[in-house]
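Colleague: The file below is protein_26.cif, mmCIF, C-alpha atoms:
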```
data_entry
#
loop_
_atom_site.label_atom_id
_atom_site.label_comp_id
_atom_site.auth_asym_id
_atom_site.auth_seq_id
_atom_site.Cartn_x
_atom_site.Cartn_y
_atom_site.Cartn_z
CA MET A 6 0.00 0.00 0.00
CA VAL A 7 1.22 3.50 -0.87
CA TYR A 8 0.01 6.64 0.89
CA SER A 9 0.71 10.21 -0.15
CA VAL A 10 1.19 12.58 2.79
CA PRO A 11 0.63 16.32 2.21
CA LEU A 12 2.85 18.40 4.49
CA ILE A 13 2.50 21.94 5.80
CA ILE A 14 5.99 23.40 6.14
CA PHE A 15 6.46 26.32 8.53
CA MET A 16 9.69 28.29 8.58
CA ASP A 17 10.58 31.43 10.53
CA ASP A 18 13.42 33.19 12.30
CA VAL A 19 13.24 32.77 16.07
CA SER A 20 15.47 33.59 19.02
CA GLY A 21 17.65 30.82 20.41
CA ASN A 22 17.94 32.53 23.81
CA ILE A 23 15.67 32.20 26.80
CA SER A 24 16.49 35.80 27.70
CA LYS A 25 15.18 38.80 25.80
CA GLN A 26 18.45 39.20 23.89
CA TRP A 27 17.82 38.34 20.24
CA ASN A 28 19.84 35.37 18.96
CA LYS A 29 18.57 34.67 15.47
CA HIS A 30 17.95 31.06 14.42
CA HIS A 31 16.05 29.80 11.39
CA ALA A 32 13.71 26.96 12.39
CA ILE A 33 11.56 24.60 10.33
CA TYR A 34 8.48 22.73 11.55
CA MET A 35 5.94 20.62 9.70
CA SER A 36 2.41 19.27 10.14
CA ASN A 37 0.43 16.53 8.44
CA MET A 38 -2.41 18.08 6.44
CA ASN A 39 -4.35 14.77 6.57
CA LEU A 40 -5.14 15.45 10.23
CA PRO A 41 -8.50 16.99 11.20
CA HIS A 42 -8.35 20.79 11.25
CA GLU A 43 -8.90 21.00 14.99
CA MET A 44 -5.80 18.83 15.52
CA LEU A 45 -3.39 20.82 13.35
CA GLU A 46 -2.73 23.54 15.91
CA LYS A 47 -2.09 21.16 18.82
CA GLU A 48 1.55 21.16 19.86
CA PHE A 49 1.83 17.37 19.65
CA PHE A 50 1.10 17.39 15.90
CA VAL A 51 3.58 20.15 15.04
CA ARG A 52 6.92 18.42 14.45
CA PHE A 53 10.33 20.04 14.67
CA VAL A 54 12.50 19.44 11.58
CA SER A 55 15.64 21.56 11.72
CA SER A 56 17.20 24.74 13.07
CA SER A 57 20.43 26.65 12.49
CA PRO A 58 21.89 30.01 13.50
CA HIS A 59 24.16 30.03 10.44
CA ALA A 60 22.53 28.28 7.46
CA PRO A 61 20.14 30.50 5.47
CA PRO A 62 16.54 29.29 5.16
CA MET A 63 16.85 27.91 1.65
CA GLU A 64 19.76 25.67 2.67
CA LEU A 65 17.57 24.08 5.32
CA ILE A 66 14.97 23.05 2.77
CA ASP A 67 15.53 19.52 1.50
CA ALA A 68 12.67 17.96 -0.45
CA ALA A 69 11.92 14.26 -0.08
CA GLN A 70 13.12 12.45 -3.21
CA SER A 71 11.70 9.01 -2.50
CA GLY A 72 9.16 7.19 -0.41
CA VAL A 73 9.60 6.08 3.20
CA ILE A 74 8.83 2.51 4.27
CA VAL A 75 6.97 2.29 7.59
CA TRP A 76 4.91 -0.25 9.49
CA ASP A 77 1.13 0.15 9.49
CA CYS A 78 0.02 -1.01 12.93
CA LYS A 79 -3.64 -1.01 11.93
CA TYR A 80 -3.32 -3.42 9.00
CA ASN A 81 -0.12 -5.14 10.21
CA GLU A 82 1.83 -4.60 7.00
CA GLU A 83 4.57 -2.45 5.55
CA VAL A 84 3.40 0.61 3.62
CA MET A 85 5.17 3.33 1.67
CA LEU A 86 4.65 6.98 2.57
CA ILE A 87 5.35 9.57 -0.13
CA PRO A 88 5.48 13.01 1.50
CA TYR A 89 5.05 16.18 -0.55
CA VAL A 90 4.85 19.88 0.28
CA LEU A 91 1.28 21.15 0.09
CA PHE A 92 2.14 24.73 1.03
CA LEU A 93 4.59 26.78 3.09
CA ALA A 94 3.17 28.78 5.99
CA GLY A 95 4.92 31.76 7.55
CA ASP A 96 4.89 35.51 7.89
CA ASN A 97 5.17 37.80 4.86
CA PRO A 98 8.96 38.44 4.99
CA MET A 99 9.75 34.72 5.21
CA GLN A 100 7.31 33.80 2.45
CA ALA A 101 8.85 36.50 0.27
CA GLU A 102 12.29 34.95 0.80
CA GLU A 103 10.90 31.51 -0.07
CA CYS A 104 9.68 32.99 -3.36
CA SER A 105 13.03 34.72 -4.07
CA HIS A 106 11.13 37.97 -3.66
CA THR A 107 12.52 41.15 -2.14
CA GLY A 108 9.61 41.74 0.22
CA LEU A 109 7.11 44.45 1.07
CA ASN A 110 9.38 47.45 0.44
CA CYS A 111 10.12 46.96 -3.28
CA ASN A 112 8.15 48.46 -6.16
CA TYR A 113 6.57 45.10 -7.05
CA PHE A 114 5.57 44.16 -3.52
CA CYS A 115 3.33 41.15 -4.17
CA ARG A 116 4.85 37.67 -4.40
CA THR A 117 1.68 36.26 -5.99
CA CYS A 118 0.89 38.66 -8.82
CA GLU A 119 2.59 41.45 -10.77
CA VAL A 120 0.86 44.39 -9.13
CA GLY A 121 3.00 47.44 -8.43
CA GLY A 122 5.48 49.68 -10.20
CA THR A 123 7.15 52.98 -9.48
CA LYS A 124 5.69 55.35 -6.90
CA GLU A 125 4.51 57.63 -9.70
CA TYR A 126 2.77 54.75 -11.46
CA LYS A 127 1.07 53.50 -8.28
CA GLU A 128 -0.21 57.04 -7.64
CA SER A 129 -1.67 57.29 -11.15
CA GLU A 130 -5.24 56.21 -11.87
CA ALA A 131 -4.18 53.11 -13.80
CA GLY A 132 -1.57 52.05 -11.24
CA TYR A 133 -3.82 52.70 -8.24
CA ASN A 134 -6.50 50.48 -9.74
CA THR A 135 -4.12 47.54 -10.06
CA ILE A 136 -3.90 47.34 -6.30
CA PHE A 137 -7.84 46.36 -6.14
CA MET A 138 21.01 38.06 -12.28
CA PHE A 139 24.35 36.73 -12.67
CA GLU A 140 25.31 38.39 -15.94
CA THR A 141 25.00 41.71 -14.13
CA ALA A 142 27.74 40.75 -11.67
CA PHE A 143 30.32 40.41 -14.42
CA LYS A 144 29.85 44.00 -15.68
CA SER A 145 31.06 47.33 -14.36
CA GLY A 146 28.85 49.10 -11.83
CA ALA A 147 27.55 45.72 -10.62
CA THR A 148 26.61 46.88 -7.11
CA THR A 149 24.31 49.64 -8.36
CA LYS A 150 22.87 47.48 -11.14
CA ILE A 151 22.02 44.65 -8.74
CA GLN A 152 20.39 47.07 -6.29
CA ASN A 153 18.37 48.67 -9.08
CA SER A 154 17.35 45.27 -10.44
CA VAL A 155 16.13 44.13 -7.01
CA SER A 156 14.19 47.37 -6.54
CA LEU A 157 12.61 47.35 -10.00
CA THR A 158 11.76 43.65 -10.32
CA GLY A 159 11.29 42.55 -6.72
CA VAL A 160 13.46 39.47 -7.33
CA ARG A 161 16.12 38.55 -4.75
CA ASP A 162 17.41 35.01 -4.36
CA SER A 163 18.95 34.48 -0.91
CA SER A 164 20.49 31.15 -1.98
CA SER A 165 22.72 32.74 -4.62
CA ALA A 166 23.23 36.07 -2.81
CA SER A 167 26.54 34.95 -1.28
CA ILE A 168 28.00 34.17 -4.72
CA LEU A 169 26.83 37.51 -6.09
CA SER A 170 28.41 39.31 -3.15
CA ALA A 171 31.69 37.43 -3.61
CA LEU A 172 31.83 38.35 -7.30
CA VAL A 173 31.06 42.00 -6.61
CA GLU A 174 33.76 42.23 -3.91
CA LEU A 175 36.29 40.50 -6.18
CA ARG A 176 35.55 42.99 -8.97
CA LYS A 177 36.17 45.90 -6.61
CA LYS A 178 39.49 44.36 -5.57
CA LEU A 179 40.65 43.72 -9.14
CA ARG A 180 39.69 47.20 -10.33
CA LYS A 181 41.27 49.00 -7.37
CA HIS A 182 44.40 51.08 -7.91
CA THR A 183 47.09 50.35 -5.30
CA VAL A 184 50.65 51.55 -4.80
CA GLY A 185 52.94 49.66 -7.15
CA SER A 186 50.18 47.95 -9.13
CA GLN A 187 47.70 48.92 -11.81
CA ALA A 188 44.06 47.97 -11.97
CA LEU A 189 43.31 45.15 -14.39
CA PRO A 190 41.57 46.13 -17.64
CA GLU A 191 37.87 45.47 -17.94
CA ASN A 192 38.16 42.45 -20.25
CA GLU A 193 40.65 40.68 -17.94
CA VAL A 194 38.47 41.40 -14.91
CA GLU A 195 35.49 39.75 -16.60
CA VAL A 196 37.58 36.66 -17.46
CA ALA A 197 38.77 36.42 -13.86
CA LEU A 198 35.24 36.77 -12.52
CA ARG A 199 33.86 34.06 -14.81
CA LYS A 200 36.66 31.73 -13.67
CA GLU A 201 35.87 32.52 -10.02
CA PHE A 202 32.18 31.94 -10.73
CA LYS A 203 32.89 28.40 -12.01
CA GLU A 204 34.93 27.68 -8.88
CA LEU A 205 32.14 28.94 -6.63
CA LEU A 206 29.71 26.61 -8.38
CA LYS A 207 32.01 23.70 -7.29
CA GLY A 208 31.38 21.73 -10.45
CA GLY A 209 27.63 22.17 -10.29
CA GLN A 210 25.16 24.04 -12.48
CA LEU A 211 23.56 27.42 -11.93
CA ASP A 212 20.24 25.71 -11.19
CA ASP A 213 21.89 23.86 -8.30
CA ILE A 214 22.57 27.01 -6.28
CA ILE A 215 19.39 29.01 -6.74
CA ASN A 216 16.30 28.67 -4.55
CA PRO A 217 15.42 24.93 -4.49
CA LEU A 218 11.74 25.73 -3.98
CA LEU A 219 11.49 27.28 -7.45
CA GLY A 220 11.96 23.91 -9.15
CA MET A 221 10.35 21.57 -6.63
CA ASP A 222 7.96 19.11 -8.27
CA GLY A 223 4.32 19.67 -7.44
CA LEU A 224 4.97 23.06 -5.80
CA ASP A 225 4.23 26.48 -7.26
CA ILE A 226 5.96 28.55 -4.63
CA HIS A 227 4.24 31.80 -5.67
CA MET A 228 0.79 30.24 -5.32
CA ASP A 229 1.60 27.90 -2.42
CA THR A 230 2.60 30.54 0.15
CA PRO A 231 -0.90 31.53 1.30
CA THR A 232 -1.64 34.89 2.92
CA GLU A 233 -1.07 34.52 6.66
CA ILE A 234 -3.95 36.06 8.60
CA LEU A 235 -2.19 36.89 11.88
CA HIS A 236 0.44 39.18 10.36
CA THR A 237 -1.65 40.39 7.41
CA ILE A 238 -4.97 41.13 9.15
CA LEU A 239 -4.55 41.43 12.93
CA LEU A 240 -0.98 42.79 12.95
CA GLY A 241 -1.51 44.43 9.58
CA VAL A 242 -4.68 46.22 8.52
CA VAL A 243 -6.38 46.07 11.94
CA LYS A 244 -3.27 47.50 13.62
CA TYR A 245 -3.11 50.32 11.04
CA PHE A 246 -6.70 51.35 11.75
CA TRP A 247 -6.13 51.06 15.48
CA GLY A 248 -3.23 53.49 15.21
CA GLN A 249 -5.33 55.93 13.18
CA THR A 250 -8.24 55.64 15.62
CA VAL A 251 -6.06 56.27 18.68
CA PHE A 252 -4.57 59.31 16.95
CA LEU A 253 -8.06 60.73 16.30
CA LEU A 254 -9.18 60.02 19.87
CA LYS A 255 -6.14 61.72 21.36
CA LYS A 256 -6.47 64.68 19.03
CA ALA A 257 -10.09 65.19 20.07
CA LYS A 258 -9.24 64.41 23.75
CA PHE A 259 -11.72 61.51 23.74
CA LEU A 260 -9.37 58.74 24.83
CA HIS A 261 -10.66 58.77 28.42
CA ILE A 262 -14.24 58.47 27.11
CA PHE A 263 -13.17 55.55 24.90
CA GLN A 264 -11.58 53.89 27.94
CA CYS A 265 -14.78 54.24 30.00
CA GLN A 266 -16.96 52.87 27.21
CA LEU A 267 -14.59 49.94 26.60
CA LYS A 268 -14.58 49.11 30.31
CA SER A 269 -18.37 49.25 30.57
CA ILE A 270 -19.15 47.06 27.55
CA ASP A 271 -20.89 43.76 28.31
CA LYS A 272 -18.46 40.96 27.49
CA ASP A 273 -20.95 38.11 27.98
CA GLY A 274 -21.38 36.18 24.77
CA LEU A 275 -18.23 37.64 23.20
CA ASN A 276 -15.37 35.48 22.06
CA ALA A 277 -13.07 38.18 23.41
CA PRO A 278 -10.94 37.08 26.36
CA CYS A 279 -8.42 39.92 26.01
CA LEU A 280 -10.35 43.12 26.73
CA ASN A 281 -8.11 44.35 29.54
CA THR A 282 -9.14 47.98 29.26
CA ASP A 283 -6.40 49.53 31.39
CA TYR A 284 -3.65 47.64 29.55
CA ILE A 285 -5.08 48.37 26.08
CA CYS A 286 -5.37 52.12 26.70
CA HIS A 287 -2.06 52.49 28.53
CA TYR A 288 0.00 50.42 26.07
CA GLU A 289 -1.98 51.25 22.94
CA GLY A 290 1.16 51.08 20.77
CA SER A 291 2.31 47.66 22.00
CA LEU A 292 -0.72 45.45 21.47
CA ILE A 293 -0.49 41.96 19.98
CA GLY A 294 -2.75 39.76 17.88
CA LYS A 295 -5.13 38.59 20.63
CA HIS A 296 -5.86 42.21 21.59
CA PHE A 297 -6.68 43.20 18.01
CA LYS A 298 -8.90 40.15 17.52
CA SER A 299 -10.91 41.16 20.59
CA LEU A 300 -11.08 44.85 19.66
CA ALA A 301 -12.29 44.06 16.15
CA GLN A 302 -15.46 42.54 17.63
CA VAL A 303 -16.44 45.50 19.80
CA MET A 304 -14.98 48.68 18.29
CA PRO A 305 -18.09 49.85 16.36
CA PHE A 306 -20.13 49.82 19.60
CA ILE A 307 -17.54 51.87 21.50
CA ILE A 308 -16.48 54.56 19.02
CA HIS A 309 -19.75 55.29 17.19
CA ASN A 310 -20.01 58.80 18.68
CA LEU A 311 -16.28 59.57 18.92
CA ILE A 312 -14.76 59.35 15.43
CA PRO A 313 -15.66 60.36 11.83
CA PRO A 314 -18.17 58.13 9.99
CA PRO A 315 -15.65 56.74 7.41
CA VAL A 316 -13.44 55.33 10.19
CA LEU A 317 -16.50 53.91 11.96
CA ASN A 318 -17.57 52.26 8.70
CA ALA A 319 -14.11 50.77 8.35
CA TRP A 320 -14.28 49.21 11.82
CA THR A 321 -17.72 47.79 11.01
CA VAL A 322 -16.35 46.07 7.92
CA ILE A 323 -13.26 44.92 9.85
CA GLY A 324 -15.55 43.18 12.35
CA GLU A 325 -17.31 41.37 9.50
CA LEU A 326 -13.99 40.45 7.88
CA VAL A 327 -12.49 38.99 11.08
CA VAL A 328 -15.59 36.84 11.65
CA LEU A 329 -15.47 35.52 8.08
CA VAL A 330 -11.74 34.82 8.02
CA TRP A 331 -11.61 32.93 11.34
CA HIS A 332 -14.01 30.23 10.13
CA THR A 333 -12.99 26.69 11.07
CA LYS A 334 -15.44 24.96 8.73
CA ILE A 335 -17.00 26.05 5.44
CA THR A 336 -20.19 24.26 4.42
CA ASP A 337 -20.97 26.18 1.19
CA MET A 338 -17.68 27.26 -0.39
CA GLU A 339 -19.15 29.31 -3.25
CA ALA A 340 -21.52 31.30 -1.03
CA TYR A 341 -18.78 31.86 1.53
CA LEU A 342 -16.26 33.09 -1.05
CA ALA A 343 -18.84 35.43 -2.60
CA ILE A 344 -19.52 37.05 0.79
CA LEU A 345 -15.81 37.20 1.65
CA SER A 346 -14.86 38.78 -1.69
CA GLN A 347 -17.56 41.43 -1.31
CA THR A 348 -16.44 42.18 2.26
CA ILE A 349 -12.81 42.59 1.16
CA GLU A 350 -13.92 44.91 -1.66
CA ASP A 351 -16.03 46.95 0.79
CA PHE A 352 -13.07 47.20 3.16
CA LEU A 353 -10.69 48.43 0.45
CA ASN A 354 -13.28 50.95 -0.73
CA VAL A 355 -13.84 52.39 2.74
CA THR A 356 -10.06 52.48 3.28
CA THR A 357 -9.72 54.76 0.26
CA GLN A 358 -12.16 57.16 1.93
CA CYS A 359 -10.12 57.21 5.16
CA ALA A 360 -6.54 57.23 3.82
CA PRO A 361 -6.09 56.63 0.06
CA SER A 362 -2.28 56.65 0.22
CA ILE A 363 -2.15 53.75 2.67
CA LEU A 364 -3.05 51.31 -0.12
CA ILE A 365 0.19 52.34 -1.84
CA SER A 366 2.44 52.39 1.21
CA LYS A 367 1.08 49.27 2.98
CA PRO A 368 1.06 46.16 0.72
CA LYS A 369 -0.89 44.06 3.24
CA PHE A 370 -4.12 45.68 2.06
CA HIS A 371 -3.49 44.24 -1.40
CA PHE A 372 -2.71 40.78 0.00
CA LEU A 373 -6.34 40.51 1.12
CA VAL A 374 -7.35 40.31 -2.55
CA HIS A 375 -5.67 36.89 -2.83
CA LEU A 376 -7.37 35.36 0.22
CA PRO A 377 -10.38 33.86 -1.66
CA VAL A 378 -8.05 32.04 -4.06
CA TYR A 379 -6.02 30.54 -1.22
CA ILE A 380 -9.16 29.51 0.68
CA ARG A 381 -10.53 27.77 -2.41
CA HIS A 382 -7.22 25.96 -2.79
CA PHE A 383 -6.38 25.07 0.83
CA SER A 384 -9.70 25.36 2.76
CA PRO A 385 -10.22 27.70 5.78
CA THR A 386 -7.52 30.24 6.60
CA ILE A 387 -7.15 28.73 10.07
CA VAL A 388 -5.26 25.88 8.35
CA PHE A 389 -2.43 28.14 7.21
CA SER A 390 -2.50 30.46 10.21
CA THR A 391 0.67 30.66 12.32
CA GLU A 392 -0.94 31.82 15.58
#
```
Would you write out, as structure tokens, the structure that this file holds?
Modeller:
Amino acid sequence: MVYSVPLIIFMDDVSGNISKQWNKHHAIYMSNMNLPHEMLEKEFFVRFVSSSPHAPPMELIDAAQSGVIVWDCKYNEEVMLIPYVLFLAGDNPMQAEECSHTGLNCNYFCRTCEVGGTKEYKESEAGYNTIFMFETAFKSGATTKIQNSVSLTGVRDSSSASILSALVELRKKLRKHTVGSQALPENEVEVALRKEFKELLKGGQLDDIINPLLGMDGLDIHMDTPTEILHTILLGVVKYFWGQTVFLLKKAKFLHIFQCQLKSIDKDGLNAPCLNTDYICHYEGSLIGKHFKSLAQVMPFIIHNLIPPPVLNAWTVIGELVVLVWHTKITDMEAYLAILSQTIEDFLNVTTQCAPSILISKPKFHFLVHLPVYIRHFSPTIVFSTE
């Protein structure tokens, strides 16, 4: 008997210290997607794979090339397990690195589609609506050309970055004038760099040193890194609106009224265990995901008479969005996706009324557009959440 086992791979940078001092390690965990959804988040079913303070993330990825023979205790026979990567979960910076993408700060900020462009283009009507390299290293001016290429295209491969850096530094050394020696001519420098490039490949091919996820069988890395709801919604768009709301409350000197109304709200029947009013109002700039999830459920009832109507409308839609996204089971996929898509569109529209420029400066608003596709592909977002 042969069983295929879909795996959820989670990778992130974590601290290796018990103390607060940051000691960066890259860690990889995995889960078995065949398990019931309510079991996936239990610690017992999340398996540690590897960790390193030195190896970059892409070097830690090693795809299974063959099946694994195990004993089936239920049927008392040997079976073959063939594991494969279903998708890679993680926060936005890590998923960008897995896609050989620069991240949220480049002109083309989305790892899934080709939205973006220069700041001027994104501010134009056409650009705003779109929101709803080795040969270079051998040539002169390589450092600037590589930086411009990364900025313009959004492509950055961490696996081959060390080789690019070595070639760039060698070029600077060969072209440098020193006492008693002349800089090599351009044609000799290029020959030397190509020779060094072959040595750095260690007898391999160019495809052997670039991101292994790009050529992994059965995996489309740009479509199989689903939008992560903790960092994109709670620590993303909800946090942005919280910051804007607190600013408006302080400006109007209404923060004490907000605090009183938050403290007096009836919490019975709410799935909101983290409404510690004193903490929320005192440390309003240091809240975490559980605070934002709780606030999203009650904000419209607290601020209805304290802030402008567009911001109130935004919080109303945020409450609807959070309820829809944190579904654990979807009975009618088409009806659910239709409601979710309309809610996301309403949220983006009301955001343009509050702060149009934020859609250009904060890519996480655009990432919401891809949520329905990922849900259709992988089922509820709770499956690829990293909470």
Colleague: Let me make sure I understand: among A:Ser20, A:Thr230, A:Asn28, A:Ser57, which one has the smallest atom-to-atom distance to A:Cys104 if we use only C-alpha atoms?
Modeller: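 Residue with the minimum atom-to-atom distance to A:Cys104: A:Thr230.
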Colleague: Could you state the separation of atom CA of A:Thr232 and atom CA of A:Gln26 in Å, given to one decimal place?
Modeller: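 Here the two named atoms are 29.4 Å from each other.
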Colleague: Just give me the gap between atom CA of A:Lys258 and atom CA of A:Phe306 in Å, one decimal is fine.
Modeller: 18.7 Å
Colleague: Once the PyMOL selection byres ((chain A and resi 286) around 10) has been applied to the shown file, what residues remain in the selection, as a list of chain:residue names?
Modeller: A:Val251, A:Leu260, A:His261, A:Phe263, A:Gln264, A:Leu267, A:Asn281, A:Thr282, A:Asp283, A:Tyr284, A:Ile285, A:His287, A:Tyr288, A:Glu289, A:Gly290, A:Leu292
Colleague: I'd like to know which of A:Cys78, A:Arg176, A:Glu119, A:Phe352 is closest to A:Phe202, using all atoms listed in the file.
Modeller: A:Arg176
Colleague: May I ask which of the residues A:Glu48, A:Tyr8, A:Lys181, A:Ala101 is the closest one to A:Ile87, counting all atoms listed in the file?
Modeller: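 For A:Ile87, the nearest of the candidates is A:Tyr8.
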Colleague: Can you tell me, as number ranges by chain, what residues are no more than 9 Å from A:Met304 when counting only C-alpha atoms, ignoring any on the same chain fewer than 2 positions away?
Modeller: A: 267, 299-302, 306-309, 317, 320-321, 324
